[in-house]
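**Q** Dropping in data11.cif, which is mmCIF, C-alpha atoms and all ligand atoms:
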```cif
data_coords
loop_
_atom_site.label_atom_id
_atom_site.label_comp_id
_atom_site.auth_asym_id
_atom_site.auth_seq_id
_atom_site.Cartn_x
_atom_site.Cartn_y
_atom_site.Cartn_z
CA MET A 7 89.02 63.38 -38.00
CA LYS A 8 92.02 62.10 -39.93
CA THR A 9 90.67 63.58 -43.15
CA PHE A 10 89.88 66.81 -41.31
CA ALA A 11 93.56 67.00 -40.39
CA SER A 12 94.55 66.36 -43.99
CA THR A 13 92.62 69.42 -45.18
CA PHE A 14 94.75 71.47 -42.83
CA LEU A 15 97.81 69.60 -44.04
CA CYS A 16 97.01 70.84 -47.56
CA LEU A 17 96.58 74.34 -46.18
CA SER A 18 99.89 73.95 -44.33
CA ILE A 19 101.66 72.87 -47.48
CA ALA A 20 100.20 75.92 -49.23
CA ALA A 21 101.45 78.03 -46.36
CA LEU A 22 104.92 76.47 -46.59
CA CYS A 23 105.05 77.38 -50.29
CA PHE A 24 104.09 80.84 -49.18
CA VAL A 25 106.95 80.78 -46.65
CA PHE A 26 109.34 79.90 -49.44
CA VAL A 27 108.57 83.00 -51.48
CA LYS A 28 107.57 85.54 -48.84
CA PRO A 29 109.65 87.45 -46.31
CA GLN A 30 110.13 85.78 -42.94
CA ALA A 31 107.90 88.10 -40.86
CA GLN A 32 104.79 87.35 -42.97
CA ALA A 33 105.61 83.65 -43.06
CA VAL A 34 105.56 83.39 -39.26
CA ASP A 35 102.17 85.11 -39.18
CA GLU A 36 100.79 82.73 -41.80
CA ALA A 37 101.89 79.64 -39.89
CA ALA A 38 100.46 81.02 -36.66
CA LEU A 39 97.21 81.84 -38.43
CA LEU A 40 96.92 78.27 -39.71
CA LYS A 41 97.43 76.85 -36.26
CA ARG A 42 94.87 79.20 -34.79
CA ALA A 43 92.37 78.44 -37.59
CA GLN A 44 92.79 74.69 -37.08
CA LYS A 45 92.12 74.92 -33.34
CA LEU A 46 89.22 77.32 -33.73
CA HIS A 47 87.53 75.31 -36.48
CA ARG A 48 87.67 72.19 -34.29
CA GLU A 49 86.22 74.00 -31.29
CA ALA A 50 83.49 75.83 -33.19
CA ILE A 51 80.12 74.40 -34.17
CA VAL A 52 80.09 74.63 -37.96
CA ILE A 53 76.64 74.71 -39.56
CA ASP A 54 75.51 74.97 -43.18
CA THR A 55 71.80 75.74 -43.64
CA HIS A 56 71.45 74.71 -47.26
CA ASN A 57 72.77 71.60 -48.97
CA ASP A 58 70.90 70.06 -51.90
CA VAL A 59 72.53 66.62 -51.88
CA THR A 60 69.07 65.38 -50.83
CA SER A 61 67.92 65.53 -54.47
CA LEU A 62 70.88 63.37 -55.50
CA LEU A 63 70.05 60.86 -52.75
CA LEU A 64 66.45 60.56 -53.89
CA ASP A 65 66.76 60.83 -57.67
CA GLU A 66 70.09 59.13 -58.33
CA GLY A 67 70.37 56.66 -55.47
CA PHE A 68 73.52 58.39 -54.24
CA ASP A 69 74.57 57.33 -50.74
CA LEU A 70 76.52 59.67 -48.47
CA ALA A 71 79.05 56.88 -47.86
CA ASP A 72 79.76 56.78 -51.62
CA ASN A 73 82.79 58.63 -52.88
CA GLY A 74 81.50 61.78 -54.60
CA VAL A 75 84.90 62.29 -56.23
CA LYS A 76 85.44 60.27 -59.43
CA PRO A 77 88.76 58.42 -60.01
CA ASP A 78 89.90 61.20 -62.37
CA GLY A 79 89.40 63.77 -59.60
CA SER A 80 86.25 65.31 -61.09
CA LEU A 81 83.22 65.69 -58.85
CA ARG A 82 80.07 63.61 -58.82
CA SER A 83 78.79 65.58 -55.84
CA HIS A 84 79.94 68.37 -53.54
CA THR A 85 79.02 66.25 -50.54
CA ASP A 86 79.89 62.86 -49.04
CA ILE A 87 80.72 61.63 -45.52
CA ARG A 88 84.47 61.64 -46.06
CA ARG A 89 84.51 65.27 -47.21
CA LEU A 90 81.96 66.40 -44.59
CA LYS A 91 84.41 65.14 -41.95
CA ALA A 92 87.36 66.74 -43.72
CA GLY A 93 85.47 70.03 -43.67
CA GLY A 94 84.76 69.76 -39.94
CA LEU A 95 81.04 70.24 -40.56
CA ASP A 96 79.01 69.71 -37.38
CA ALA A 97 75.43 70.30 -38.44
CA GLN A 98 73.77 70.11 -41.84
CA PHE A 99 70.38 71.33 -42.91
CA PHE A 100 69.40 68.99 -45.75
CA ALA A 101 67.32 70.95 -48.25
CA VAL A 102 63.93 69.36 -48.88
CA PHE A 103 63.74 71.00 -52.28
CA VAL A 104 60.42 70.75 -54.09
CA ASP A 105 60.69 71.79 -57.71
CA LYS A 106 57.78 73.79 -59.12
CA ASP A 107 57.23 70.98 -61.64
CA PHE A 108 55.79 68.91 -58.78
CA VAL A 109 52.82 71.24 -58.42
CA ASN A 110 49.92 69.20 -59.85
CA LYS A 111 52.09 66.33 -61.12
CA PRO A 112 50.06 63.10 -61.52
CA VAL A 113 50.84 60.27 -59.08
CA ARG A 114 52.28 58.07 -61.83
CA GLU A 115 54.77 60.79 -62.75
CA GLY A 116 56.04 61.29 -59.21
CA GLY A 117 53.04 62.88 -57.54
CA GLY A 118 52.35 66.39 -56.29
CA ALA A 119 54.34 68.75 -54.11
CA ALA A 120 53.38 67.15 -50.78
CA ARG A 121 54.34 63.68 -52.08
CA ARG A 122 57.72 65.05 -53.19
CA THR A 123 58.22 66.68 -49.79
CA LEU A 124 57.52 63.39 -47.98
CA ASP A 125 59.85 61.46 -50.30
CA MET A 126 62.64 63.97 -49.63
CA ILE A 127 62.09 63.83 -45.86
CA GLY A 128 62.03 60.04 -46.10
CA VAL A 129 65.40 59.87 -47.85
CA VAL A 130 67.04 62.06 -45.16
CA TYR A 131 65.80 59.75 -42.39
CA GLU A 132 66.98 56.77 -44.45
CA GLN A 133 70.53 58.15 -44.75
CA VAL A 134 70.72 58.98 -41.05
CA ALA A 135 69.51 55.46 -40.18
CA ARG A 136 72.03 53.90 -42.57
CA HIS A 137 74.96 55.80 -41.07
CA PRO A 138 74.20 56.13 -37.33
CA GLU A 139 77.91 56.40 -36.49
CA THR A 140 78.06 59.64 -38.51
CA PHE A 141 74.61 61.28 -38.40
CA GLU A 142 71.86 61.88 -35.90
CA MET A 143 68.58 63.71 -36.44
CA ALA A 144 68.36 67.06 -34.61
CA PHE A 145 65.22 69.08 -33.92
CA THR A 146 66.37 71.83 -31.54
CA ALA A 147 69.42 74.00 -30.95
CA ASN A 148 70.17 71.94 -27.85
CA ASP A 149 69.97 68.74 -29.92
CA VAL A 150 72.65 70.20 -32.19
CA ARG A 151 74.98 70.94 -29.26
CA ARG A 152 74.42 67.50 -27.70
CA ILE A 153 74.97 65.60 -30.97
CA VAL A 154 78.07 67.60 -31.88
CA LYS A 155 79.54 66.88 -28.44
CA ARG A 156 79.24 63.18 -29.27
CA GLY A 157 81.25 63.70 -32.44
CA LYS A 158 78.37 63.23 -34.89
CA ILE A 159 76.88 65.45 -37.57
CA ALA A 160 73.55 66.88 -36.43
CA SER A 161 71.09 66.43 -39.29
CA LEU A 162 68.28 68.91 -39.82
CA MET A 163 65.84 69.68 -42.61
CA GLY A 164 64.42 72.77 -44.29
CA ILE A 165 61.75 72.80 -46.99
CA GLU A 166 62.58 74.82 -50.11
CA GLY A 167 59.39 76.02 -51.83
CA GLY A 168 56.22 76.97 -49.90
CA HIS A 169 54.04 75.18 -52.48
CA ALA A 170 55.15 72.06 -50.53
CA ILE A 171 52.31 72.67 -48.07
CA GLU A 172 49.71 72.67 -50.87
CA ASP A 173 47.99 75.60 -49.14
CA SER A 174 47.37 73.53 -46.00
CA ILE A 175 48.36 74.73 -42.53
CA TYR A 176 47.71 71.19 -41.31
CA ALA A 177 50.38 69.99 -43.77
CA LEU A 178 52.74 72.66 -42.39
CA ARG A 179 52.11 71.40 -38.85
CA MET A 180 52.76 67.81 -39.85
CA TYR A 181 56.00 68.77 -41.63
CA HIS A 182 57.11 70.39 -38.39
CA GLN A 183 56.30 67.16 -36.55
CA LEU A 184 58.47 65.29 -39.05
CA GLY A 185 61.37 67.60 -38.22
CA ILE A 186 61.25 70.46 -40.71
CA ARG A 187 62.83 73.47 -39.01
CA TYR A 188 62.69 76.10 -41.73
CA MET A 189 60.70 76.72 -44.86
CA THR A 190 61.85 78.82 -47.81
CA LEU A 191 58.57 80.53 -48.62
CA THR A 192 58.92 80.22 -52.40
CA HIS A 193 61.32 78.76 -54.91
CA THR A 194 61.52 80.41 -58.35
CA ASN A 195 57.72 80.21 -58.59
CA THR A 196 55.19 82.51 -56.96
CA ASN A 197 52.73 80.26 -55.13
CA ASP A 198 49.15 80.93 -53.96
CA TRP A 199 50.28 83.13 -51.07
CA ALA A 200 53.82 84.51 -51.58
CA ASP A 201 55.64 86.21 -54.48
CA SER A 202 58.97 84.87 -55.70
CA GLU A 203 61.69 87.20 -56.98
CA ALA A 204 62.07 85.08 -60.10
CA ASP A 205 58.74 85.47 -61.92
CA LEU A 206 57.74 89.03 -60.99
CA LYS A 207 57.88 90.12 -64.63
CA ASN A 208 55.76 87.20 -65.85
CA GLN A 209 52.33 88.62 -66.64
CA ASN A 210 50.75 85.16 -66.67
CA VAL A 211 51.49 84.67 -62.97
CA LYS A 212 49.00 85.91 -60.39
CA HIS A 213 51.00 87.96 -57.88
CA HIS A 214 50.02 89.11 -54.38
CA ASN A 215 52.18 92.21 -53.89
CA GLY A 216 54.25 90.21 -51.38
CA LEU A 217 52.35 88.00 -48.93
CA ASN A 218 48.55 87.76 -49.02
CA ASP A 219 46.48 87.16 -45.86
CA PHE A 220 46.96 83.41 -46.03
CA GLY A 221 50.72 83.95 -46.45
CA LYS A 222 50.69 86.03 -43.27
CA ALA A 223 48.79 83.22 -41.50
CA VAL A 224 51.51 80.80 -42.67
CA ILE A 225 54.19 83.01 -41.06
CA THR A 226 52.24 83.25 -37.80
CA GLU A 227 51.78 79.47 -37.74
CA MET A 228 55.51 78.98 -38.42
CA ASN A 229 56.21 81.27 -35.44
CA ARG A 230 53.79 79.23 -33.32
CA LEU A 231 55.46 75.97 -34.36
CA GLY A 232 59.05 77.20 -33.99
CA MET A 233 59.81 76.81 -37.70
CA MET A 234 62.12 79.49 -39.09
CA ALA A 235 60.73 81.58 -41.98
CA ASP A 236 63.25 81.68 -44.83
CA ILE A 237 63.26 84.62 -47.29
CA SER A 238 65.73 83.24 -49.84
CA HIS A 239 64.10 83.25 -53.30
CA VAL A 240 61.24 85.60 -52.38
CA SER A 241 60.61 89.11 -53.78
CA ASP A 242 61.70 92.23 -51.90
CA LYS A 243 58.08 93.02 -51.03
CA THR A 244 57.56 89.48 -49.66
CA MET A 245 60.70 89.97 -47.53
CA ALA A 246 59.26 93.23 -46.16
CA ASP A 247 55.88 91.59 -45.46
CA VAL A 248 57.54 88.66 -43.66
CA LEU A 249 59.55 91.07 -41.51
CA ALA A 250 56.39 93.06 -40.70
CA THR A 251 54.45 89.89 -39.78
CA THR A 252 56.89 87.65 -37.92
CA LYS A 253 57.14 87.51 -34.13
CA ALA A 254 60.44 85.61 -34.31
CA PRO A 255 63.80 86.09 -36.04
CA ILE A 256 63.89 85.05 -39.71
CA ILE A 257 66.62 83.66 -41.93
CA ALA A 258 67.79 83.79 -45.52
CA SER A 259 69.00 80.17 -45.73
CA HIS A 260 71.14 80.65 -48.86
CA SER A 261 71.45 84.25 -50.06
CA SER A 262 74.29 86.71 -50.51
CA ALA A 263 74.64 90.52 -50.65
CA ARG A 264 73.03 92.46 -53.52
CA ALA A 265 75.38 95.43 -53.04
CA MET A 266 78.24 93.09 -54.01
CA ALA A 267 76.49 91.40 -56.96
CA ASN A 268 73.33 92.84 -58.43
CA HIS A 269 71.01 89.83 -58.57
CA THR A 270 67.53 89.82 -57.03
CA ARG A 271 68.35 86.47 -55.36
CA ASN A 272 70.68 88.46 -53.12
CA VAL A 273 69.55 90.54 -50.14
CA ASN A 274 69.67 94.35 -50.47
CA ASP A 275 71.14 96.63 -47.79
CA GLU A 276 67.80 97.89 -46.53
CA THR A 277 66.65 94.32 -45.90
CA LEU A 278 70.02 93.42 -44.36
CA ARG A 279 69.51 96.20 -41.82
CA ALA A 280 65.91 95.12 -41.21
CA ILE A 281 67.04 91.53 -40.61
CA ALA A 282 69.60 92.81 -38.10
CA LYS A 283 66.79 94.62 -36.26
CA ASN A 284 64.65 91.48 -36.37
CA GLY A 285 67.52 89.44 -34.85
CA GLY A 286 67.71 87.13 -37.86
CA VAL A 287 70.61 85.87 -39.94
CA VAL A 288 71.64 85.82 -43.61
CA MET A 289 73.41 82.61 -44.60
CA VAL A 290 75.80 83.30 -47.48
CA ASN A 291 75.36 81.41 -50.76
CA PHE A 292 78.60 80.34 -52.53
CA TYR A 293 77.21 80.11 -56.11
CA ASP A 294 79.40 82.11 -58.51
CA GLY A 295 76.32 82.98 -60.59
CA PHE A 296 74.99 84.94 -57.60
CA ILE A 297 78.17 86.29 -55.94
CA ASP A 298 80.39 87.26 -58.87
CA PRO A 299 78.99 90.52 -60.32
CA ARG A 300 79.95 89.68 -63.92
CA LYS A 301 78.41 86.22 -63.70
CA ALA A 302 75.33 87.43 -61.79
CA GLU A 303 74.52 89.70 -64.72
CA ILE A 304 74.60 86.72 -67.09
CA THR A 305 72.57 84.55 -64.67
CA LEU A 306 69.83 87.19 -64.71
CA ALA A 307 70.00 87.71 -68.46
CA SER A 308 69.86 83.95 -69.01
CA ARG A 309 66.68 83.75 -66.97
CA ALA A 310 65.06 86.51 -69.03
CA LYS A 311 66.18 84.81 -72.25
CA THR A 312 64.69 81.50 -71.09
CA GLU A 313 61.32 83.17 -70.41
CA GLU A 314 61.42 84.86 -73.80
CA LEU A 315 62.15 81.56 -75.55
CA LYS A 316 59.45 79.73 -73.62
CA ALA A 317 56.92 82.32 -74.80
CA LEU A 318 58.16 81.92 -78.38
CA TYR A 319 58.12 78.10 -78.32
CA PRO A 320 55.55 77.21 -75.65
CA ASN A 321 55.30 73.52 -76.54
CA ASP A 322 58.84 72.79 -77.67
CA GLN A 323 61.30 72.45 -74.78
CA ASN A 324 63.97 71.04 -77.12
CA LYS A 325 63.83 74.17 -79.25
CA VAL A 326 64.05 76.33 -76.11
CA ASN A 327 67.15 74.41 -74.96
CA GLU A 328 68.72 74.59 -78.40
CA GLU A 329 68.20 78.36 -78.74
CA LEU A 330 69.35 78.95 -75.16
CA ALA A 331 72.57 77.02 -75.82
CA LYS A 332 73.18 79.20 -78.91
CA TRP A 333 72.61 82.36 -76.86
CA ARG A 334 74.92 81.14 -74.08
CA ALA A 335 77.69 80.57 -76.61
CA THR A 336 77.54 84.28 -77.47
CA GLN A 337 78.04 85.36 -73.84
CA PRO A 338 81.46 86.27 -72.41
CA LYS A 339 83.35 83.54 -70.53
CA PHE A 340 84.99 84.30 -67.21
CA ASP A 341 87.66 82.58 -65.14
CA LYS A 342 86.71 80.78 -61.98
CA THR A 343 85.56 83.16 -59.27
CA PRO A 344 88.28 83.89 -56.70
CA LEU A 345 87.72 83.27 -53.00
CA SER A 346 88.03 87.01 -52.27
CA VAL A 347 84.71 87.60 -54.07
CA LEU A 348 82.94 85.25 -51.66
CA MET A 349 84.67 86.85 -48.68
CA ASP A 350 83.49 90.28 -49.89
CA HIS A 351 79.90 89.12 -49.35
CA PHE A 352 80.62 87.96 -45.80
CA ILE A 353 82.40 91.22 -45.01
CA HIS A 354 79.68 93.38 -46.55
CA ILE A 355 76.93 91.65 -44.56
CA ILE A 356 79.01 91.93 -41.37
CA LYS A 357 79.56 95.65 -42.00
CA THR A 358 75.92 96.35 -42.92
CA ALA A 359 73.95 94.03 -40.60
CA GLY A 360 76.58 93.17 -37.97
CA ILE A 361 78.61 90.13 -36.99
CA ASP A 362 75.55 88.57 -35.28
CA HIS A 363 73.61 88.34 -38.52
CA VAL A 364 75.68 86.29 -40.97
CA GLY A 365 76.31 82.58 -41.46
CA ILE A 366 76.89 79.82 -44.04
CA GLY A 367 74.26 78.54 -46.50
CA ALA A 368 76.55 77.42 -49.31
CA ASP A 369 73.91 75.82 -51.61
CA LEU A 370 76.39 73.04 -52.45
CA ASP A 371 74.94 70.32 -54.67
CA GLY A 372 72.24 72.83 -55.58
CA ILE A 373 74.59 74.66 -57.94
CA PRO A 374 76.64 73.34 -60.88
CA LEU A 375 79.59 71.24 -59.69
CA ASP A 376 82.19 73.75 -60.93
CA ALA A 377 80.34 76.85 -59.71
CA ALA A 378 81.82 77.37 -56.22
CA PRO A 379 84.72 79.82 -55.90
CA VAL A 380 88.38 78.77 -56.05
CA GLY A 381 89.35 77.17 -52.74
CA MET A 382 85.73 76.47 -51.69
CA GLU A 383 85.03 73.67 -54.16
CA ASP A 384 83.12 71.29 -51.89
CA VAL A 385 82.12 70.52 -48.27
CA SER A 386 85.71 69.67 -47.32
CA LYS A 387 86.72 73.34 -47.68
CA TYR A 388 84.88 75.04 -44.79
CA PRO A 389 88.17 75.44 -42.81
CA VAL A 390 89.33 77.85 -45.52
CA LEU A 391 86.53 80.17 -44.45
CA THR A 392 87.72 80.13 -40.83
CA MET A 393 91.23 80.94 -41.97
CA GLU A 394 90.07 83.78 -44.23
CA LEU A 395 87.90 85.38 -41.52
CA LEU A 396 90.83 85.27 -39.08
CA ARG A 397 93.08 86.72 -41.75
CA ARG A 398 90.71 89.71 -41.96
CA GLY A 399 91.12 90.37 -38.26
CA TYR A 400 87.94 88.91 -36.77
CA SER A 401 88.24 87.53 -33.24
CA ASP A 402 87.78 83.85 -32.38
CA GLY A 403 84.40 84.69 -30.85
CA ASP A 404 83.26 86.53 -33.98
CA VAL A 405 84.32 83.68 -36.26
CA LYS A 406 82.41 81.18 -34.10
CA LYS A 407 79.28 83.29 -34.53
CA VAL A 408 79.58 83.16 -38.31
CA LEU A 409 80.39 79.44 -38.37
CA GLY A 410 77.33 78.39 -36.36
CA GLU A 411 76.51 80.30 -33.20
CA ASN A 412 74.36 82.89 -35.00
CA ILE A 413 72.00 80.33 -36.51
CA LEU A 414 71.86 78.43 -33.21
CA ARG A 415 70.83 81.66 -31.49
CA VAL A 416 68.05 82.18 -34.06
CA MET A 417 66.86 78.57 -33.62
CA SER A 418 66.74 78.97 -29.83
CA GLU A 419 64.87 82.25 -30.10
CA CYS A 420 62.31 80.73 -32.51
CA GLU A 421 61.85 77.85 -30.03
CA ARG A 422 61.28 80.35 -27.22
CA VAL A 423 58.72 82.37 -29.21
CA ALA A 424 56.91 79.13 -30.09
CA ARG A 425 56.70 78.07 -26.43
CA GLU A 426 55.24 81.45 -25.49
CA MET A 427 52.69 81.45 -28.30
CA GLN A 428 51.63 77.90 -27.48
CA LYS A 429 51.26 78.80 -23.81
CA ALA A 430 49.09 81.81 -24.71
CA GLN A 431 46.79 79.90 -27.03
CA PRO A 432 46.25 76.21 -27.82
CA ALA A 433 46.52 75.23 -31.52
CA PRO A 434 44.00 77.41 -33.34
CA THR A 435 41.88 76.04 -36.16
CA PRO A 436 43.98 76.83 -39.23
CA ALA A 437 43.16 79.58 -41.66
CA ARG A 438 42.17 78.38 -45.10
CA LEU A 439 43.02 79.93 -48.41
CA LYS A 440 39.97 81.73 -49.77
ZN ZN B 501 67.61 77.70 -53.70
#
```
Let me see whether you can do it: turn the structure in this file into structure tokens.
**A**
Amino acid sequence: MKTFASTFLCLSIAALCFVFVKPQAQAVDEAALLKRAQKLHREAIVIDTHNDVTSLLLDEGFDLADNGVKPDGSLRSHTDIRRLKAGGLDAQFFAVFVDKDFVNKPVREGGGAARRTLDMIGVVYEQVARHPETFEMAFTANDVRRIVKRGKIASLMGIEGGHAIEDSIYALRMYHQLGIRYMTLTHTNTNDWADSEADLKNQNVKHHNGLNDFGKAVITEMNRLGMMADISHVSDKTMADVLATTKAPIIASHSSARAMANHTRNVNDETLRAIAKNGGVVMVNFYDGFIDPRKAEITLASRAKTEELKALYPNDQNKVNEELAKWRATQPKFDKTPLSVLMDHFIHIIKTAGIDHVGIGADLDGIPLDAAPVGMEDVSKYPVLTMELLRRGYSDGDVKKVLGENILRVMSECERVAREMQKAQPAPTPARLK
């Protein structure tokens, strides 16, 4: 809590500087705003639905008690215990990210997608067990509230990449038993049952025009289990198919607004409105390559260039990297993305879908270390968001919704739908992919 206070101290110092140069009336408002933000942030349940530090834990032996800030001030990670506390974070969904490279990987090279999933789940449990004074595993919305009341960080998990189930509904059920509470249906790869937004133009990939029948069975089983369906990374048609199939609210665990930055990783207005109708929530991604319109254009172009180079040099990754680096050097360079750009995404989603349908899914440690906007550089900076929402005139109640209450509502509703479905019918024999 001491470090949490120090984040506000920094904000206070910034505000005092502001006082020094601004007229008195504004200065009083700023100081009052800080005080209000501090109180509200402490009272609120603050939840982030997508943090990729899990990969660092598994692949680099990073421990959350390690200092992720190097002696020279540069970052080794966006996330560590000290900064999580400074940021007043109450509940974290650890991303169980399964790269597409794990599909069909031999055991001696790290194994397939299911093995990777289990290793990632294992490392989350290991961290929670190593630091029981800080973390506790949570499986329901009520767990989150209970754990937060005890002053700990509720720890949850979401799978990123539907290929993790290796086309097995039994695997999906077992992941739920292990604590997985959402699944991002694809990553950048279309799998055997859902289209990704990232490879739609790749003629070598077999697409399904959204979800195929097995994909729809996966959604229904997720509803039955009480696992949230996550539409980040999927194609627009997959999003529409998920919305048409699901009996429970859905989420986008780490996606921003396409109207603000034209990248297909972001959610368009039509889907935002459909998610509002569904009762779901869009958790805003902080990556400058998705939220900053100038950078989003380059992120998309870079992806197309990579595909082009891979086709030109199919067996020479070094050549691809070399040519890509040359191409990148020709692209315009931009300053760091200002905080206002990130806030524009929050405001747009609030205006389009409503205050009940937006939350935080920052994607920290899943994006380059210098790619979060100014002022939101790591997990210690969440209080800045509270302050900025208050500054824009939102009420305490509204800000609490964005910080965590919206996603808790969706979790509870998914739990309720699951109970009803389970009451209506005992576990059916799973569909199999034909
Ligand atoms: Zn992602």
**Q** Chain A near ligand ZN 501 (chain B) within 8 Å: what's each residue's closest atom pair and its distance in Å to one decimal, counting all atoms listed in the file, ordered by chain then ascending residue number, as JSON lines?
**A**
```
{"residue": "A:Phe103", "atom": "CA", "partner": "B:ZN501", "partner_atom": "ZN", "distance": 7.9}
{"residue": "A:Glu166", "atom": "CA", "partner": "B:ZN501", "partner_atom": "ZN", "distance": 6.8}
{"residue": "A:His193", "atom": "CA", "partner": "B:ZN501", "partner_atom": "ZN", "distance": 6.5}
{"residue": "A:Ser238", "atom": "CA", "partner": "B:ZN501", "partner_atom": "ZN", "distance": 7.0}
{"residue": "A:His239", "atom": "CA", "partner": "B:ZN501", "partner_atom": "ZN", "distance": 6.6}
{"residue": "A:His260", "atom": "CA", "partner": "B:ZN501", "partner_atom": "ZN", "distance": 6.7}
{"residue": "A:Asp369", "atom": "CA", "partner": "B:ZN501", "partner_atom": "ZN", "distance": 6.9}
{"residue": "A:Gly372", "atom": "CA", "partner": "B:ZN501", "partner_atom": "ZN", "distance": 7.0}
```
**Q** Could you take the residues named above and write them with C-alpha atoms, as a PDB file, in the coordinates of the input?
**A**
```pdb
ATOM      1  CA  PHE A 103      63.740  71.000 -52.280  1.00  0.00           C
ATOM      2  CA  GLU A 166      62.580  74.820 -50.110  1.00  0.00           C
ATOM      3  CA  HIS A 193      61.320  78.760 -54.910  1.00  0.00           C
ATOM      4  CA  SER A 238      65.730  83.240 -49.840  1.00  0.00           C
ATOM      5  CA  HIS A 239      64.100  83.250 -53.300  1.00  0.00           C
ATOM      6  CA  HIS A 260      71.140  80.650 -48.860  1.00  0.00           C
ATOM      7  CA  ASP A 369      73.910  75.820 -51.610  1.00  0.00           C
ATOM      8  CA  GLY A 372      72.240  72.830 -55.580  1.00  0.00           C
TER       9      GLY A 372
END
```
**Q** Using only C-alpha atoms, determine which residues lie at most 10 Å from stretch 331-333 of chain A, disregarding the query and same-chain residues fewer than 3 positions distant; provide the list as a PyMOL selection string.
**A** chain A and resi 308+311-312+325-328+336-337
**Q** Could you work out how far atom CA of A:Lys406 lies from atom CA of A:Asp384, giving the answer in Å with one decimal?
**A**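 Here the two named atoms are 20.4 Å from each other.
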**Q** For A:Asp376, which of A:Asn148, A:Gln44, A:Thr343, A:Thr60 is the closest residue, counting all atoms listed in the file?
**A** A:Thr343
**Q** For the point (53.7, 77.0, -54.5) in file coordinates, what residues are within 8 Å, counting all atoms listed in the file? Give the answer as a ChimeraX atom specification?
**A** /A:106,109,167-173,192-193,195-199
**Q** Quote the spacing between atom CA of A:Ala424 and atom CA of A:Ile127 in Å to one decimal place.
**A** 22.6 Å
**Q** Using all atoms listed in the file, find the one residue out of A:Leu375, A:Ala177, A:Ile159, A:Ile153 that sits nearest to A:Leu81.
**A** A:Leu375
**Q** Please identify all polymer residues within 7 Å of A:Ile257, counting only C-alpha atoms, omitting same-chain residues fewer than 3 positions from it, and present them as a PyMOL selection string.
**A** chain A and resi 234-237+286-288
**Q** One decimal, in Å: what's the spacing between atom CA of A:Tyr388 and atom CA of A:Gly67?
**A**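 Spanning atom CA of A:Tyr388 to atom CA of A:Gly67 is a straight-line distance of 25.7 Å.
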**Q** For A:Arg187, which residue among A:Met349, A:Ala43, A:Cys420, A:Met233 is the nearest when counting all atoms listed in the file?
**A**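 Counting all atoms listed in the file, the residue closest to A:Arg187 is A:Met233.
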